[in-house]
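This is data33.cif (mmCIF, C-alpha atoms (C1' of nucleotides)).
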```
data_start
#
loop_
_atom_site.label_atom_id
_atom_site.label_comp_id
_atom_site.auth_asym_id
_atom_site.auth_seq_id
_atom_site.Cartn_x
_atom_site.Cartn_y
_atom_site.Cartn_z
CA MET A 1 120.07 97.11 107.87
CA ILE A 2 123.18 95.08 108.58
CA LYS A 3 122.01 94.36 112.07
CA LEU A 4 122.76 91.62 114.53
CA SER A 5 120.22 89.16 115.82
CA LYS A 6 118.52 89.78 119.12
CA LEU A 7 120.30 86.76 120.54
CA THR A 8 123.60 88.55 120.09
CA ASP A 9 122.24 91.53 121.92
CA TYR A 10 121.08 89.31 124.74
CA ALA A 11 124.50 87.72 124.81
CA VAL A 12 126.16 90.99 125.70
CA VAL A 13 123.53 91.76 128.32
CA ILE A 14 124.12 88.37 129.88
CA LEU A 15 127.88 88.68 129.70
CA ALA A 16 127.58 92.03 131.40
CA ALA A 17 125.66 90.43 134.23
CA MET A 18 128.29 87.72 134.52
CA ALA A 19 131.08 90.26 134.58
CA GLY A 20 129.24 92.21 137.22
CA GLN A 21 128.87 89.44 139.75
CA GLU A 22 132.07 88.67 141.57
CA GLY A 23 133.35 85.12 141.53
CA GLY A 24 131.55 81.81 141.41
CA LEU A 25 129.40 80.25 138.78
CA ALA A 26 126.17 81.70 137.49
CA SER A 27 123.31 79.42 136.55
CA ALA A 28 121.00 80.06 133.66
CA SER A 29 118.13 80.71 136.03
CA SER A 30 120.03 83.22 138.13
CA LEU A 31 121.13 85.05 134.99
CA SER A 32 117.55 85.05 133.84
CA ALA A 33 116.56 86.76 137.05
CA ALA A 34 119.43 89.21 136.83
CA THR A 35 118.67 90.25 133.29
CA SER A 36 114.87 89.93 133.24
CA LEU A 37 115.17 87.83 130.13
CA PRO A 38 113.10 84.63 129.82
CA GLU A 39 115.00 81.62 131.01
CA PRO A 40 114.79 79.51 127.84
CA THR A 41 116.24 82.38 125.88
CA VAL A 42 119.05 82.87 128.37
CA SER A 43 119.79 79.17 128.28
CA LYS A 44 119.92 79.12 124.51
CA THR A 45 122.24 82.08 124.46
CA LEU A 46 124.58 80.56 127.03
CA LYS A 47 124.86 77.34 125.06
CA LEU A 48 126.01 79.23 122.01
CA LEU A 49 128.52 81.21 124.03
CA VAL A 50 129.96 78.00 125.42
CA ARG A 51 130.29 76.50 121.98
CA GLY A 52 132.04 79.65 120.84
CA GLY A 53 134.51 79.51 123.68
CA VAL A 54 133.40 82.78 125.23
CA ILE A 55 132.35 81.19 128.50
CA THR A 56 132.86 77.86 130.23
CA SER A 57 130.25 75.59 131.73
CA THR A 58 130.11 73.18 134.62
CA ARG A 59 127.42 70.55 134.76
CA GLY A 60 125.65 69.07 137.71
CA VAL A 61 124.46 70.49 140.99
CA ASN A 62 126.09 73.83 141.81
CA GLY A 63 127.15 74.00 138.20
CA GLY A 64 126.83 77.03 136.00
CA TYR A 65 128.66 79.33 133.69
CA ALA A 66 131.71 81.55 134.00
CA LEU A 67 133.58 83.89 131.72
CA HIS A 68 136.42 82.13 130.00
CA CYS A 69 138.70 85.10 130.59
CA ALA A 70 138.64 88.71 131.70
CA PRO A 71 136.25 91.08 129.91
CA ASP A 72 139.09 93.05 128.39
CA LYS A 73 140.35 89.86 126.78
CA ILE A 74 137.03 88.92 125.22
CA LEU A 75 136.76 90.27 121.70
CA VAL A 76 133.47 91.44 120.30
CA SER A 77 134.31 89.50 117.17
CA THR A 78 134.43 86.33 119.25
CA ILE A 79 131.02 87.02 120.73
CA ILE A 80 129.46 87.78 117.37
CA THR A 81 131.05 84.75 115.76
CA ALA A 82 129.76 82.57 118.58
CA MET A 83 126.23 83.83 118.15
CA GLU A 84 125.97 84.28 114.40
CA GLY A 85 128.63 82.14 112.84
CA PRO A 86 131.61 83.25 110.82
CA ILE A 87 131.73 86.91 109.90
CA SER A 88 131.37 87.12 106.16
CA LEU A 89 129.06 89.53 104.48
CA THR A 90 128.00 87.69 101.35
CA SER A 91 126.99 84.19 100.50
CA CYS A 92 129.67 84.09 97.84
CA VAL A 93 132.40 83.59 100.38
CA GLU A 94 130.71 81.87 103.25
CA GLY A 95 130.35 78.35 101.97
CA SER A 96 131.83 76.36 99.17
CA ASP A 97 128.83 74.10 98.79
CA ASP A 98 126.80 76.19 96.41
CA SER A 99 129.05 78.11 94.11
CA CYS A 100 128.06 81.56 93.07
CA ALA A 101 125.17 81.46 90.64
CA MET A 102 126.79 83.86 88.25
CA GLU A 103 130.22 82.35 88.37
CA GLY A 104 131.04 83.45 84.90
CA THR A 105 129.63 86.92 84.81
CA CYS A 106 130.26 88.05 88.36
CA GLN A 107 133.43 89.98 87.85
CA LEU A 108 134.26 90.40 91.48
CA HIS A 109 133.74 86.97 92.87
CA GLY A 110 135.19 87.01 96.34
CA ARG A 111 136.24 90.62 96.37
CA TRP A 112 134.03 91.11 99.37
CA ASP A 113 136.86 89.57 101.31
CA VAL A 114 138.44 93.00 101.36
CA VAL A 115 135.42 94.33 103.18
CA ASN A 116 135.13 91.27 105.35
CA MET A 117 138.65 91.69 106.53
CA ALA A 118 138.08 95.33 107.31
CA ILE A 119 135.10 94.49 109.48
CA LYS A 120 136.82 91.56 111.11
CA THR A 121 139.73 93.78 112.01
CA ALA A 122 137.41 96.41 113.43
CA LEU A 123 135.61 93.91 115.62
CA ASP A 124 138.86 92.38 116.76
CA ASN A 125 139.78 95.68 118.29
CA VAL A 126 136.77 96.14 120.52
CA THR A 127 136.50 94.12 123.70
CA LEU A 128 133.63 93.30 126.00
CA ALA A 129 135.23 95.62 128.54
CA ASP A 130 134.98 98.47 126.04
CA MET A 131 131.25 97.90 125.82
CA LEU A 132 130.73 97.61 129.53
CA SER A 133 132.44 100.77 130.62
CA ARG A 134 129.54 102.98 131.55
CA SER A 135 131.48 106.17 131.86
CA CYS A 136 131.66 107.68 128.45
CA VAL A 137 135.00 109.10 129.39
CA LYS A 138 136.87 105.93 128.68
CA ILE A 139 138.20 105.80 125.17
CA PRO A 140 137.83 102.43 123.49
CA SER A 141 141.07 100.83 122.48
CA PHE A 142 140.40 101.28 118.81
CA MET A 143 140.25 105.04 119.19
CA GLU A 144 143.37 105.51 121.21
CA GLU A 145 145.45 106.48 118.25
CA ASN A 146 144.74 108.38 115.13
CA VAL A 147 144.19 105.31 113.08
CA ARG A 148 142.53 105.58 109.73
CA LEU A 149 140.63 102.37 109.98
CA MET B 1 125.53 85.54 110.18
CA ILE B 2 125.98 89.29 109.97
CA LYS B 3 125.57 89.13 106.25
CA LEU B 4 124.38 91.60 103.71
CA SER B 5 121.28 91.17 101.61
CA LYS B 6 121.59 89.84 98.10
CA LEU B 7 120.45 93.19 96.79
CA THR B 8 123.62 94.72 98.17
CA ASP B 9 125.68 92.10 96.44
CA TYR B 10 123.86 92.79 93.20
CA ALA B 11 124.51 96.48 93.72
CA VAL B 12 128.25 95.99 93.60
CA VAL B 13 127.99 93.76 90.56
CA ILE B 14 125.95 96.40 88.80
CA LEU B 15 128.26 99.20 89.86
CA ALA B 16 131.15 97.19 88.53
CA ALA B 17 129.43 96.94 85.16
CA MET B 18 128.80 100.66 85.17
CA ALA B 19 132.40 101.40 86.05
CA GLY B 20 133.52 99.10 83.30
CA GLN B 21 131.65 100.70 80.46
CA GLU B 22 133.22 103.92 79.31
CA GLY B 23 131.11 107.05 79.26
CA GLY B 24 127.44 107.60 78.64
CA LEU B 25 124.39 106.47 80.51
CA ALA B 26 123.48 102.89 81.16
CA SER B 27 119.86 101.83 81.17
CA ALA B 28 118.44 99.26 83.49
CA SER B 29 117.88 96.85 80.62
CA SER B 30 121.42 97.18 79.33
CA LEU B 31 122.80 96.58 82.80
CA SER B 32 120.54 93.60 83.09
CA ALA B 33 122.08 92.18 79.95
CA ALA B 34 125.58 93.00 81.11
CA THR B 35 125.21 91.35 84.48
CA SER B 36 122.82 88.52 83.61
CA LEU B 37 120.62 89.62 86.46
CA PRO B 38 116.82 89.80 85.93
CA GLU B 39 115.76 93.22 84.85
CA PRO B 40 113.24 93.92 87.64
CA THR B 41 115.91 93.17 90.20
CA VAL B 42 118.41 95.42 88.48
CA SER B 43 115.83 98.16 88.33
CA LYS B 44 115.00 97.86 91.99
CA THR B 45 118.66 97.96 92.90
CA LEU B 46 119.32 101.02 90.78
CA LYS B 47 116.44 102.89 92.38
CA LEU B 48 117.92 102.34 95.80
CA LEU B 49 121.35 103.42 94.65
CA VAL B 50 119.92 106.63 93.26
CA ARG B 51 118.13 107.36 96.51
CA GLY B 52 121.36 106.76 98.37
CA GLY B 53 123.27 109.16 96.16
CA VAL B 54 125.61 106.53 94.79
CA ILE B 55 124.50 107.03 91.20
CA THR B 56 122.54 109.61 89.28
CA SER B 57 119.60 109.05 86.99
CA THR B 58 118.23 110.72 83.91
CA ARG B 59 114.65 110.13 82.92
CA GLY B 60 113.09 109.98 79.51
CA VAL B 61 114.26 108.55 76.24
CA ASN B 62 118.01 107.99 76.14
CA GLY B 63 118.00 108.31 79.88
CA GLY B 64 119.76 106.00 82.24
CA TYR B 65 122.12 105.80 85.15
CA ALA B 66 125.66 106.96 85.79
CA LEU B 67 128.08 106.79 88.68
CA HIS B 68 127.87 109.90 90.78
CA CYS B 69 131.64 110.03 91.08
CA ALA B 70 134.74 107.98 90.37
CA PRO B 71 134.90 104.44 91.81
CA ASP B 72 137.71 105.38 94.15
CA LYS B 73 135.52 108.08 95.62
CA ILE B 74 132.56 105.81 96.28
CA LEU B 75 132.70 104.38 99.78
CA VAL B 76 131.48 100.89 100.52
CA SER B 77 129.70 102.35 103.52
CA THR B 78 127.70 104.56 101.19
CA ILE B 79 126.67 101.61 99.07
CA ILE B 80 125.65 99.52 102.04
CA THR B 81 123.75 102.39 103.61
CA ALA B 82 121.91 102.98 100.35
CA MET B 83 120.85 99.36 100.11
CA GLU B 84 120.23 98.45 103.73
CA GLY B 85 119.67 101.66 105.58
CA PRO B 86 121.77 103.14 108.34
CA ILE B 87 124.55 100.96 109.67
CA SER B 88 123.66 100.13 113.24
CA LEU B 89 123.92 96.67 114.60
CA THR B 90 121.14 96.55 117.16
CA SER B 91 117.60 97.76 117.34
CA CYS B 92 118.42 99.64 120.52
CA VAL B 93 120.12 102.40 118.64
CA GLU B 94 118.49 102.42 115.25
CA GLY B 95 115.15 103.99 115.96
CA SER B 96 113.67 105.98 118.76
CA ASP B 97 110.13 104.84 118.16
CA ASP B 98 110.17 101.71 120.24
CA SER B 99 112.41 102.16 123.21
CA CYS B 100 114.42 99.24 124.45
CA ALA B 101 112.20 96.69 126.13
CA MET B 102 114.49 96.34 129.08
CA GLU B 103 115.18 99.98 129.54
CA GLY B 104 115.76 99.63 133.24
CA THR B 105 117.74 96.45 133.43
CA CYS B 106 119.81 96.67 130.27
CA GLN B 107 122.99 98.06 131.69
CA LEU B 108 124.58 98.87 128.41
CA HIS B 109 121.86 100.58 126.54
CA GLY B 110 123.48 102.11 123.53
CA ARG B 111 126.95 100.82 124.15
CA TRP B 112 126.80 99.09 120.82
CA ASP B 113 127.60 102.50 119.40
CA VAL B 114 131.23 101.73 120.11
CA VAL B 115 131.02 98.74 117.82
CA ASN B 116 128.89 100.56 115.30
CA MET B 117 131.48 103.26 115.01
CA ALA B 118 134.24 100.73 114.55
CA ILE B 119 132.40 99.11 111.68
CA LYS B 120 131.39 102.40 110.16
CA THR B 121 135.00 103.52 110.22
CA ALA B 122 136.11 100.30 108.62
CA LEU B 123 133.59 100.59 105.80
CA ASP B 124 134.44 104.23 105.26
CA ASN B 125 137.95 103.19 104.35
CA VAL B 126 137.13 100.78 101.58
CA THR B 127 136.07 102.12 98.21
CA LEU B 128 134.34 100.59 95.24
CA ALA B 129 137.64 100.80 93.42
CA ASP B 130 139.21 98.63 96.10
CA MET B 131 136.65 95.96 95.40
CA LEU B 132 136.92 96.17 91.64
CA SER B 133 140.66 95.81 91.30
CA ARG B 134 141.00 92.35 89.86
CA SER B 135 144.69 92.00 90.35
CA CYS B 136 145.24 90.83 93.86
CA VAL B 137 148.47 92.77 93.87
CA LYS B 138 146.81 96.03 94.61
CA ILE B 139 146.69 96.80 98.26
CA PRO B 140 143.42 98.28 99.45
CA SER B 141 143.74 101.73 100.95
CA PHE B 142 142.96 100.53 104.41
CA MET B 143 145.94 98.19 104.41
CA GLU B 144 148.50 100.62 103.15
CA GLU B 145 149.81 101.38 106.58
CA ASN B 146 150.22 99.32 109.64
CA VAL B 147 147.01 100.45 111.19
CA ARG B 148 145.58 98.54 114.08
CA LEU B 149 142.01 98.92 113.09
"C1'" DT C 1 101.68 111.94 70.30
"C1'" DA C 2 104.20 107.83 70.89
"C1'" DA C 3 108.07 105.47 72.64
"C1'" DA C 4 111.71 104.91 76.01
"C1'" DA C 5 113.17 105.10 80.35
"C1'" DT C 6 113.01 106.03 85.43
"C1'" DG C 7 109.99 106.44 89.98
"C1'" DG C 8 107.05 104.59 93.41
"C1'" DT C 9 104.26 101.26 95.52
"C1'" DA C 10 102.24 96.91 96.49
"C1'" DC C 11 102.04 92.00 96.64
"C1'" DC C 12 103.18 87.00 97.29
"C1'" DA C 13 106.32 83.29 98.22
"C1'" DA C 14 110.46 81.79 100.39
"C1'" DA C 15 113.71 82.05 103.97
"C1'" DA C 16 115.40 83.29 108.34
"C1'" DA C 17 114.84 84.58 113.06
"C1'" DC C 18 112.39 84.02 117.68
"C1'" DG C 19 110.76 81.96 121.28
"C1'" DT C 20 109.67 77.76 123.46
"C1'" DA C 21 109.44 72.92 124.65
"C1'" DC C 22 111.09 68.32 125.44
"C1'" DG C 23 114.04 64.61 126.52
"C1'" DG C 24 118.96 63.47 127.60
"C1'" DT C 25 123.30 63.69 130.43
"C1'" DA C 26 126.40 64.87 134.10
"C1'" DT C 27 127.30 65.80 139.04
"C1'" DA C 28 126.94 66.89 143.95
"C1'" DT C 29 124.63 65.71 148.04
"C1'" DA C 30 121.81 63.13 151.23
"C1'" DT D 1 122.53 54.69 145.41
"C1'" DA D 2 118.82 57.81 144.71
"C1'" DT D 3 117.51 62.36 143.82
"C1'" DA D 4 117.65 67.03 142.71
"C1'" DT D 5 120.10 70.41 140.08
"C1'" DA D 6 121.73 72.21 136.06
"C1'" DC D 7 123.72 71.94 131.49
"C1'" DC D 8 123.15 69.77 126.43
"C1'" DG D 9 121.01 68.95 122.03
"C1'" DT D 10 117.38 69.08 119.01
"C1'" DA D 11 113.04 70.13 117.13
"C1'" DC D 12 108.83 72.79 116.28
"C1'" DG D 13 105.48 76.53 115.25
"C1'" DT D 14 104.98 81.43 114.80
"C1'" DT D 15 106.50 85.68 113.31
"C1'" DT D 16 109.36 88.69 110.75
"C1'" DT D 17 112.32 89.73 107.00
"C1'" DT D 18 113.96 89.13 102.51
"C1'" DG D 19 113.58 88.16 97.49
"C1'" DG D 20 111.50 88.60 93.35
"C1'" DT D 21 107.92 90.43 90.49
"C1'" DA D 22 104.24 93.25 88.70
"C1'" DC D 23 101.75 97.46 87.87
"C1'" DC D 24 101.04 102.12 86.92
"C1'" DA D 25 102.63 107.02 87.09
"C1'" DT D 26 105.99 110.43 85.47
"C1'" DT D 27 109.45 112.39 82.54
"C1'" DT D 28 111.71 113.37 78.16
"C1'" DT D 29 112.98 112.99 73.31
"C1'" DA D 30 111.88 112.23 68.51
#
```
Would it be possible to restate this file's structure as structure tokens?
Amino acid sequence: MIKLSKLTDYAVVILAAMAGQEGGLASASSLSAATSLPEPTVSKTLKLLVRGGVITSTRGVNGGYALHCAPDKILVSTIITAMEGPISLTSCVEGSDDSCAMEGTCQLHGRWDVVNMAIKTALDNVTLADMLSRSCVKIPSFMEENVRL
Amino acid sequence: MIKLSKLTDYAVVILAAMAGQEGGLASASSLSAATSLPEPTVSKTLKLLVRGGVITSTRGVNGGYALHCAPDKILVSTIITAMEGPISLTSCVEGSDDSCAMEGTCQLHGRWDVVNMAIKTALDNVTLADMLSRSCVKIPSFMEENVRL
DNA sequence: TAAAATGGTACCAAAAACGTACGGTATATA
DNA sequence: TATATACCGTACGTTTTTGGTACCATTTTA
């Protein structure tokens, strides 16, 4: 089904809430209230986003989270990578620890990188802002020209 | 991890074997021998590829499988769709049976379609032939021009 | 009629995802 | 300095998905 995890979906919902509120830090609990998502889940999601560099965190009283940069500067690929790890479609390419089981016979070892790069490029060209724009009138950046890919 | 299932990986390996052998039909058992993959797995994979229209099948004695068209006409998106179902990243958009749990609060219901389309477009521009070309000199079709996506 | 080959379905074990909980650490304020 | 707030890291049990296999039905040729 080539689908993303629910956590990634939540991430965008949460980021949308953060982008919506003007200024200041947002705590995990306030974002939980804003999104109607359970607090532990929100917290878990935020931690991953911090680790991925999508948002920043401030500890202590009055602490919270904030977008690391403007929504139109946050790439969807960055969000997905933060939530799901590196974007690579097959186990052949992801890690070097266990080499492909059919090393000898597999005639296209690593050729998935062609596809991986295509997807990576596609995701690099969609920003959080593209996803947030409610009016369907706006044309996402990747459709502005008559590009083939 | 946004990764494909192993079956999809096997599919490409099998398709490579089919593209490699000149003419005639290939049976599941012969493809099993050619790829060193267990026969039941090969069989299962082939069934899905037939259903997806990637290959054709002939029943009965001397039957077997054949590519539906030339490798450079077979899109990676077609292969992936055959093996994993429709390409849509989140459950929000895939089926209409269970509507999004946070219908009211989710402010970007369906906005993943922007990303889905980007990925679909990317996969539509890579063919099986692109993946099979062993010489790294060949430039995949989607890289021929200076496209942004 | 028998053999070869695909078609469809069902099942079990393994792996991954989901949701949650718990203890730790940093920081502002009283 | 004490305390409350809020992030940080890890771990655990349940549920879902995937992976691999088996079984029987159907089709076609010799």
Fewer than 4 positions away in the same chain doesn't count, so skip those; otherwise give me all residues within 10 Å of region 24-29 of chain C, counting all atoms listed in the file, as a ChimeraX atom specification.
/A:58-63 /D:3-9
On this structure, which residues satisfy the PyMOL selection byres ((chain C and resi 1) around 12), written as an NGL selection string?
(:C and (2-3)) or (:D and (29-30))
For chain D, which residue out of A:Thr41, A:Thr56, A:Thr35, A:Gln21 is the nearest one, using all atoms listed in the file?
A:Thr56
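Relative to CA of Lys73 (chain A), CA of Val42 (chain A) is found at 22.5 Å.
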For the file shown, what are the residues hit by the PyMOL selection byres ((chain D and resi 12) around 12), laid out as a ChimeraX atom specification?
/C:18-22 /D:10-11,13-14
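Here the question is which of B:Ala129, B:Leu89, B:Val54, B:Met83 gets nearest to Val114 (chain B) using all atoms listed in the file, and that residue is B:Leu89.
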Selection dump of the PyMOL selection byres ((chain A and resi 115) around 9), as a ChimeraX atom specification:
/A:88-89,111-114,116-120 /B:76,122-123,126,131
Identify every residue of chain B that has at least one atom within 12 Å of any atom of chain C, counting only C-alpha atoms (C1' of nucleotides), and report the result as a ChimeraX atom specification.
/B:1,3,5,25-30,43-44,46-48,50-51,56-65
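Nearest residue to chain D, choosing from B:Leu31, B:Leu37, B:Ile14, B:Ile87 and counting all atoms listed in the file: B:Leu37.
If you measure from each of A:Asp130, A:Glu22, A:Asp124, A:Glu84 to chain B using all atoms listed in the file, the closest one turns out to be A:Glu84.
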Quick one: pull the distance between CA of Thr127 (chain A) and CA of Asp72 (chain A), Å, one decimal.
5.5 Å
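Interatomic distance, CA of Ile74 (chain B) to CA of Leu128 (chain B): 5.6 Å.
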With chain B as the partner and 12 Å as the cut-off, tabulate the residues of chain D that qualify, each row holding the nearest pair of atoms and their distance in Å to one decimal, using all atoms listed in the file, sorted by chain and rising number, as JSON lines.
```
{"residue": "D:DT17", "atom": "C1'", "partner": "B:Ser5", "partner_atom": "CA", "distance": 10.6}
{"residue": "D:DT18", "atom": "C1'", "partner": "B:Ser5", "partner_atom": "CA", "distance": 7.7}
{"residue": "D:DG19", "atom": "C1'", "partner": "B:Lys6", "partner_atom": "CA", "distance": 8.2}
{"residue": "D:DG20", "atom": "C1'", "partner": "B:Thr41", "partner_atom": "CA", "distance": 7.1}
{"residue": "D:DT21", "atom": "C1'", "partner": "B:Pro40", "partner_atom": "CA", "distance": 7.0}
{"residue": "D:DA22", "atom": "C1'", "partner": "B:Pro40", "partner_atom": "CA", "distance": 9.1}
{"residue": "D:DT26", "atom": "C1'", "partner": "B:Arg59", "partner_atom": "CA", "distance": 9.0}
{"residue": "D:DT27", "atom": "C1'", "partner": "B:Gly60", "partner_atom": "CA", "distance": 5.3}
{"residue": "D:DT28", "atom": "C1'", "partner": "B:Gly60", "partner_atom": "CA", "distance": 3.9}
{"residue": "D:DT29", "atom": "C1'", "partner": "B:Val61", "partner_atom": "CA", "distance": 5.5}
{"residue": "D:DA30", "atom": "C1'", "partner": "B:Val61", "partner_atom": "CA", "distance": 8.9}
```
Calculate, to one decimal in Å, the centre and edge lengths of the box along x, y and z of the file that holds all listed atoms of region 74-87 of chain B with 5 Å of margin on each side, and present them as AutoDock Vina command-line options.
```
--center_x 126.2 --center_y 102.1 --center_z 103.0 --size_x 23.0 --size_y 17.4 --size_z 23.4
```
Restricting the calculation to only C-alpha atoms, which member of B:Val12, B:Leu67, B:Ile79, B:Gly23 is positioned closest to chain A?
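Nearest to chain A: B:Val12.
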